[in-house]
Amino acid sequence: MIETSVKTTIRKQSGEMVLFRRYKIGLILALLAVDETTRDQVLAAVDDLVAKTPGLTTQRLAETMVSVLAQLAPEAAVRYQEKEAEQARTWQQALNTEKKLDALLTQDDKTLHENANKDAQVFNTFRDLTAGMIGKSRGLQLLPEAVAKAHVRGDIHWHDLDYTPLSPMTNCCLIDFKYLFAQGYTMGNAQVTTPKSIGTATAQMAQIIANVASAQYGGISVNRADELLAPYAEMNYEKYLAVAKAFVPADQQVAYAKAQTKKDIYDAMQGLEYEINTLASAQGQTPFTTLGFGLGTSWAAREIQLAIFAIRIQGLGPEHRTAIFPKLVFSLKRGVNLAPEDPNYDIKQQAIVCAAKRMYPDVLNYEKIVALTGSFKAPMGCRSFLQGWRDDQGREVNEGRMNLGVVTLNIPRIAMQSGGDQALFWTILADRLAIAKAALQFKLARTKEADPANAPLLYQHGAFGRKITDNVDQLFANGRATLSLGYIGLYETGTVFYGPDWENNATAHEFTVEIVRRLHEACQQWEQEDGYHYSVYSTPAESLTDRFCELDQARFGQVPEITDKDYYTNSFHYDVRKHPNPFEKLAFEADYPQYANGGFIHYCEYPNLKQNPAALEAVWDYAYDRVGYLGTNTPIDKCFKCGFEGDFKPTARGFCCPECGNHDPATCDVVKRTCGYLGNPQARPMIHGRHVEIVSRVKNMSQQEVNTSYVKETR
């Protein structure tokens, strides 16, 4: 669809002046399925109207289009009016708080299962969902109309509408625990001072996590936890050493102090794991918590790392279930733990054993993270990365920084609307980027309206790295915070233009990389314009993988290999239904994060790895210089009735044991990678599209390949 060279503006019903886009008339005609002759005559009439009518309105434009259609294709004119009426009803329903509350009260599946970490049967969670229904309706009314309607249509997705813009909350963050521990802070009715032991430090950490989780709506990360906590373990050691000097023979004093401290470290880290998994934030869910660690080389830091793995491998409770939180992110670094000659190589071996049994840890590759993002740090939440940033004194700052929100583009829709015309694709993408920019700028403006008293721990007591009493913008401006432009469905987009097996087509691959590059360039331009940091984010899309696809099914029908799957593929990932080996998959995906450096993660799917952890190490080593962030997906489901361990069988009502048919969450432990985090779909069912996507995943190694020399040969 060719655009007119003359740039004409028209007035919308809201009064807003916008650029006339001829292709949009073509998209409407395509939805109405008119023939080519009718399409050309309608477009000619529209062109004539635009050329001769100053002060043109969208209403006049629509009237002209309907008038011509009524003469040439009356049934199409009727369909257009019906679609307009349906769109108006959808908009009103989106604003209807009563209807949204009814969906919750009637246990509507999509309402209940948007978030696999929320159990809607629990009173405090139900209360949060109830408030969220009101927040969504009112939030749409607060948004700019063009942004709100683009969200309702599914052109974009405004994330966390149940919390913002109704509230000026921030999204995810790296809490500045070091600052809080050193300076002290006030929480509730208590003034808290510097911890004097590792047990007190981890107890305070759990309390801080609960408080911060209730004051924002995204994930929480502890950066370099082993190095953070090591000084407090040293305090335990010094106390025991002082006692030992009085009561223990001289040649045994150090050994005694270290043995006692080692036990304290284990108890403290075990307590932290249990506390996080038993917490419930004000949102009625376990705080989405990530624990980053792996670079500490002191004896205390090493013991903290070893304790984290021993506790996770052991599991929770008498049945030794897999802990969902915290997400463990282990840092690999050349010279520290990568190779056998490195001082912490033994800890890497424990990380591999842990990943084979519990899926976590995911791994961060030090040099690659620095190359991609500008500095080394854990992700905020599951995958959101801060860019490297220095304060006005030139000091690198990571902790105490945050993300202000995400808006995600529906890329497959743009591809289908373009009809395979790449020039039109880029035109539509540019327009959608303009809407996304307006949405993100509104997120920013709303977040800046917060008063420090709204979230005292964040703003007034230092969780965000400074104590402020006036303008919160000083924590956001000049690139200190991030705003995220998300995207979904590069696989489906490539399929529109190059067919469903395009991953091995170099031209197709470059086209999809170019999409992410253009998103990156847009973010750079926005940052130049207003001084805030925008970055491209590979959206986890837990429920969005379902929502966008469902909306596009209603618009385009069951499009083979695109909407007929019932889900869209997350971000840049290789089609989950295919069987590239891990090295091929990572090589294919490696080009995208250089542009999507505001959020990314890679996964590989494996069979049981417990008998050959060296196979996993081979992939980790291969990935080290190629990708920054890598997760392990391997079957770890367990039936406590018959003892089966492995992959549970997918059914319409969830997953069941393939040996005895058990699907009772009380007597089985089903753990799947939801997106960035793990989830238990038996205890907390997932939305339909995500369930189908998980079921569709194919292993990137067969069990035979894991158990043979295949890995070493490929490596």
# chains A, B, ... in the order shown; residues from 1 in each chain; ligands from 1
>>> select_by_dssp(residues="region 107-356 of chain A", states="alpha helix (DSSP H)", output="MDAnalysis selection string")
chainID A and resid 109:112 123:142 145:153 177:183 198:215 225:247 253:278 299:314 345:356
>>> residues_around(residues="Phe293 (chain A)", least_positions_apart="4", cutoff="9 Å", atoms="only C-alpha atoms", output="ChimeraX atom specification")
/A:222-227,305,328-331,378
>>> write_last_selection(atoms="N, CA and C atoms", output="short mmCIF file (atom, residue, chain, number, x, y, z; two decimals), in the first residue's frame")
data_model
loop_
_atom_site.label_atom_id
_atom_site.label_comp_id
_atom_site.auth_asym_id
_atom_site.auth_seq_id
_atom_site.Cartn_x
_atom_site.Cartn_y
_atom_site.Cartn_z
N VAL A 222 18.65 -9.09 44.22
CA VAL A 222 19.77 -8.88 45.12
C VAL A 222 21.02 -9.04 44.27
N ASN A 223 21.78 -7.98 44.11
CA ASN A 223 22.95 -8.02 43.25
C ASN A 223 24.18 -8.46 44.04
N ARG A 224 24.91 -9.44 43.50
CA ARG A 224 26.17 -9.91 44.07
C ARG A 224 25.99 -10.23 45.55
N ALA A 225 25.01 -11.10 45.82
CA ALA A 225 24.60 -11.39 47.19
C ALA A 225 25.73 -11.99 48.02
N ASP A 226 26.57 -12.82 47.43
CA ASP A 226 27.65 -13.45 48.19
C ASP A 226 28.64 -12.41 48.70
N GLU A 227 28.99 -11.46 47.84
CA GLU A 227 29.92 -10.40 48.24
C GLU A 227 29.26 -9.44 49.23
N GLN A 305 27.99 -19.14 48.67
CA GLN A 305 27.61 -19.74 47.39
C GLN A 305 27.31 -21.23 47.55
N LEU A 328 17.66 -18.12 41.10
CA LEU A 328 19.11 -18.07 41.30
C LEU A 328 19.79 -17.73 39.98
N VAL A 329 20.67 -16.73 40.02
CA VAL A 329 21.43 -16.32 38.84
C VAL A 329 22.91 -16.35 39.21
N PHE A 330 23.62 -17.31 38.63
CA PHE A 330 25.02 -17.56 38.97
C PHE A 330 25.92 -16.90 37.93
N SER A 331 26.89 -16.15 38.41
CA SER A 331 27.79 -15.42 37.52
C SER A 331 29.01 -16.26 37.20
N ALA A 378 23.29 -8.18 38.13
CA ALA A 378 22.18 -9.10 37.93
C ALA A 378 21.04 -8.38 37.23
#
>>> closest_residue(among="A:Leu43, A:Tyr487, A:Lys149, A:Cys668", to="Thr90 (chain A)", atoms="only C-alpha atoms")
A:Lys149
>>> residues_around(residues="Phe556 (chain A)", least_positions_apart="3", cutoff="12 Å", atoms="only C-alpha atoms", output="NGL selection string")
:A and (27-28 or 30-33 or 412-417 or 419 or 548-553 or 559-560 or 562-564)
>>> write_last_selection(atoms="N, CA and C atoms", output="mmCIF file, in the first residue's frame")
data_model
loop_
_atom_site.group_PDB
_atom_site.id
_atom_site.type_symbol
_atom_site.label_atom_id
_atom_site.label_comp_id
_atom_site.auth_asym_id
_atom_site.auth_seq_id
_atom_site.Cartn_x
_atom_site.Cartn_y
_atom_site.Cartn_z
ATOM 1 N N LEU A 27 -5.969 -1.137 5.100
ATOM 2 C CA LEU A 27 -6.105 -2.188 6.105
ATOM 3 C C LEU A 27 -7.568 -2.456 6.419
ATOM 4 N N ILE A 28 -8.357 -1.403 6.505
ATOM 5 C CA ILE A 28 -9.791 -1.570 6.753
ATOM 6 C C ILE A 28 -10.435 -2.339 5.612
ATOM 7 N N ALA A 30 -9.032 -4.393 3.586
ATOM 8 C CA ALA A 30 -8.577 -5.785 3.612
ATOM 9 C C ALA A 30 -9.389 -6.590 4.621
ATOM 10 N N LEU A 31 -9.669 -6.004 5.798
ATOM 11 C CA LEU A 31 -10.494 -6.694 6.797
ATOM 12 C C LEU A 31 -11.906 -6.935 6.287
ATOM 13 N N LEU A 32 -12.382 -6.028 5.447
ATOM 14 C CA LEU A 32 -13.732 -6.178 4.894
ATOM 15 C C LEU A 32 -13.767 -7.119 3.699
ATOM 16 N N ALA A 33 -12.586 -7.551 3.249
ATOM 17 C CA ALA A 33 -12.457 -8.522 2.154
ATOM 18 C C ALA A 33 -13.117 -8.036 0.862
ATOM 19 N N PRO A 412 3.797 -9.433 15.328
ATOM 20 C CA PRO A 412 3.125 -10.271 14.327
ATOM 21 C C PRO A 412 1.918 -9.590 13.681
ATOM 22 N N ARG A 413 1.199 -8.783 14.445
ATOM 23 C CA ARG A 413 0.055 -8.083 13.857
ATOM 24 C C ARG A 413 0.513 -7.142 12.744
ATOM 25 N N ILE A 414 1.588 -6.423 12.978
ATOM 26 C CA ILE A 414 2.095 -5.509 11.950
ATOM 27 C C ILE A 414 2.458 -6.289 10.694
ATOM 28 N N ALA A 415 3.086 -7.452 10.879
ATOM 29 C CA ALA A 415 3.471 -8.274 9.733
ATOM 30 C C ALA A 415 2.248 -8.729 8.947
ATOM 31 N N MET A 416 1.208 -9.196 9.652
ATOM 32 C CA MET A 416 0.004 -9.658 8.954
ATOM 33 C C MET A 416 -0.730 -8.501 8.286
ATOM 34 N N GLN A 417 -0.748 -7.345 8.938
ATOM 35 C CA GLN A 417 -1.392 -6.186 8.320
ATOM 36 C C GLN A 417 -0.666 -5.747 7.055
ATOM 37 N N GLY A 419 0.592 -7.605 4.870
ATOM 38 C CA GLY A 419 0.342 -8.512 3.760
ATOM 39 C C GLY A 419 1.600 -8.992 3.069
ATOM 40 N N PHE A 548 -2.313 -11.395 22.833
ATOM 41 C CA PHE A 548 -2.094 -10.877 21.487
ATOM 42 C C PHE A 548 -2.573 -11.877 20.439
ATOM 43 N N CYS A 549 -2.266 -13.146 20.658
ATOM 44 C CA CYS A 549 -2.656 -14.167 19.685
ATOM 45 C C CYS A 549 -4.175 -14.278 19.598
ATOM 46 N N GLU A 550 -4.849 -14.260 20.728
ATOM 47 C CA GLU A 550 -6.309 -14.362 20.729
ATOM 48 C C GLU A 550 -6.947 -13.171 19.997
ATOM 49 N N LEU A 551 -6.449 -11.979 20.252
ATOM 50 C CA LEU A 551 -6.979 -10.799 19.559
ATOM 51 C C LEU A 551 -6.753 -10.888 18.055
ATOM 52 N N ASP A 552 -5.598 -11.422 17.665
ATOM 53 C CA ASP A 552 -5.310 -11.536 16.239
ATOM 54 C C ASP A 552 -6.063 -12.684 15.586
ATOM 55 N N GLN A 553 -6.395 -13.711 16.347
ATOM 56 C CA GLN A 553 -7.286 -14.746 15.818
ATOM 57 C C GLN A 553 -8.644 -14.143 15.473
ATOM 58 N N VAL A 559 -4.611 -18.290 11.194
ATOM 59 C CA VAL A 559 -3.549 -18.178 10.206
ATOM 60 C C VAL A 559 -2.536 -19.288 10.461
ATOM 61 N N PRO A 560 -2.279 -20.164 9.480
ATOM 62 C CA PRO A 560 -1.379 -21.296 9.703
ATOM 63 C C PRO A 560 -0.003 -20.860 10.187
ATOM 64 N N ILE A 562 0.879 -19.237 12.588
ATOM 65 C CA ILE A 562 0.975 -17.935 13.261
ATOM 66 C C ILE A 562 -0.056 -17.861 14.378
ATOM 67 N N THR A 563 -1.324 -17.647 14.054
ATOM 68 C CA THR A 563 -2.339 -17.578 15.111
ATOM 69 C C THR A 563 -2.927 -18.939 15.449
ATOM 70 N N ASP A 564 -2.808 -19.917 14.557
ATOM 71 C CA ASP A 564 -3.463 -21.203 14.823
ATOM 72 C C ASP A 564 -2.780 -22.004 15.928
#
>>> closest_residue(among="A:Val336, A:Ala506, A:Cys354, A:Ala618", to="Ala323 (chain A)", atoms="only C-alpha atoms")
A:Cys354
>>> residues_around(residues="Gln191 (chain A)", least_positions_apart="4", cutoff="12 Å", atoms="only C-alpha atoms", output="number ranges by chain")
A: 180-181, 183-187, 204, 457, 461
>>> closest_residue(among="A:Tyr568, A:Tyr592, A:Tyr537, A:Tyr629", to="Gly486 (chain A)", atoms="only C-alpha atoms")
A:Tyr537
>>> closest_residue(among="A:Asp566, A:Glu659, A:Asp473, A:Glu514", to="Leu490 (chain A)", atoms="only C-alpha atoms")
A:Glu514
>>> select_by_dssp(residues="region 169-265 of chain A", states="strand (DSSP E)", output="ChimeraX atom specification")
/A:173-174,185-187,190-192,220-222
>>> closest_residue(among="A:Arg153, A:Lys178, A:Lys357, A:Lys443", to="Leu166 (chain A)", atoms="only C-alpha atoms")
A:Lys443
>>> residues_around(residues="region 576-579 of chain A", least_positions_apart="5", cutoff="7 Å", atoms="only C-alpha atoms", output="PDB file with C-alpha atoms, in the first residue's frame")
ATOM      1  CA  SER A 696       4.832 -27.514  22.489  1.00  0.00           C
ATOM      2  CA  ARG A 697       8.462 -27.239  23.576  1.00  0.00           C
ATOM      3  CA  VAL A 698      10.826 -29.772  21.998  1.00  0.00           C
ATOM      4  CA  LYS A 699      14.107 -30.827  23.569  1.00  0.00           C
ATOM      5  CA  ASN A 700      17.278 -29.375  22.053  1.00  0.00           C
TER       6      ASN A 700
END
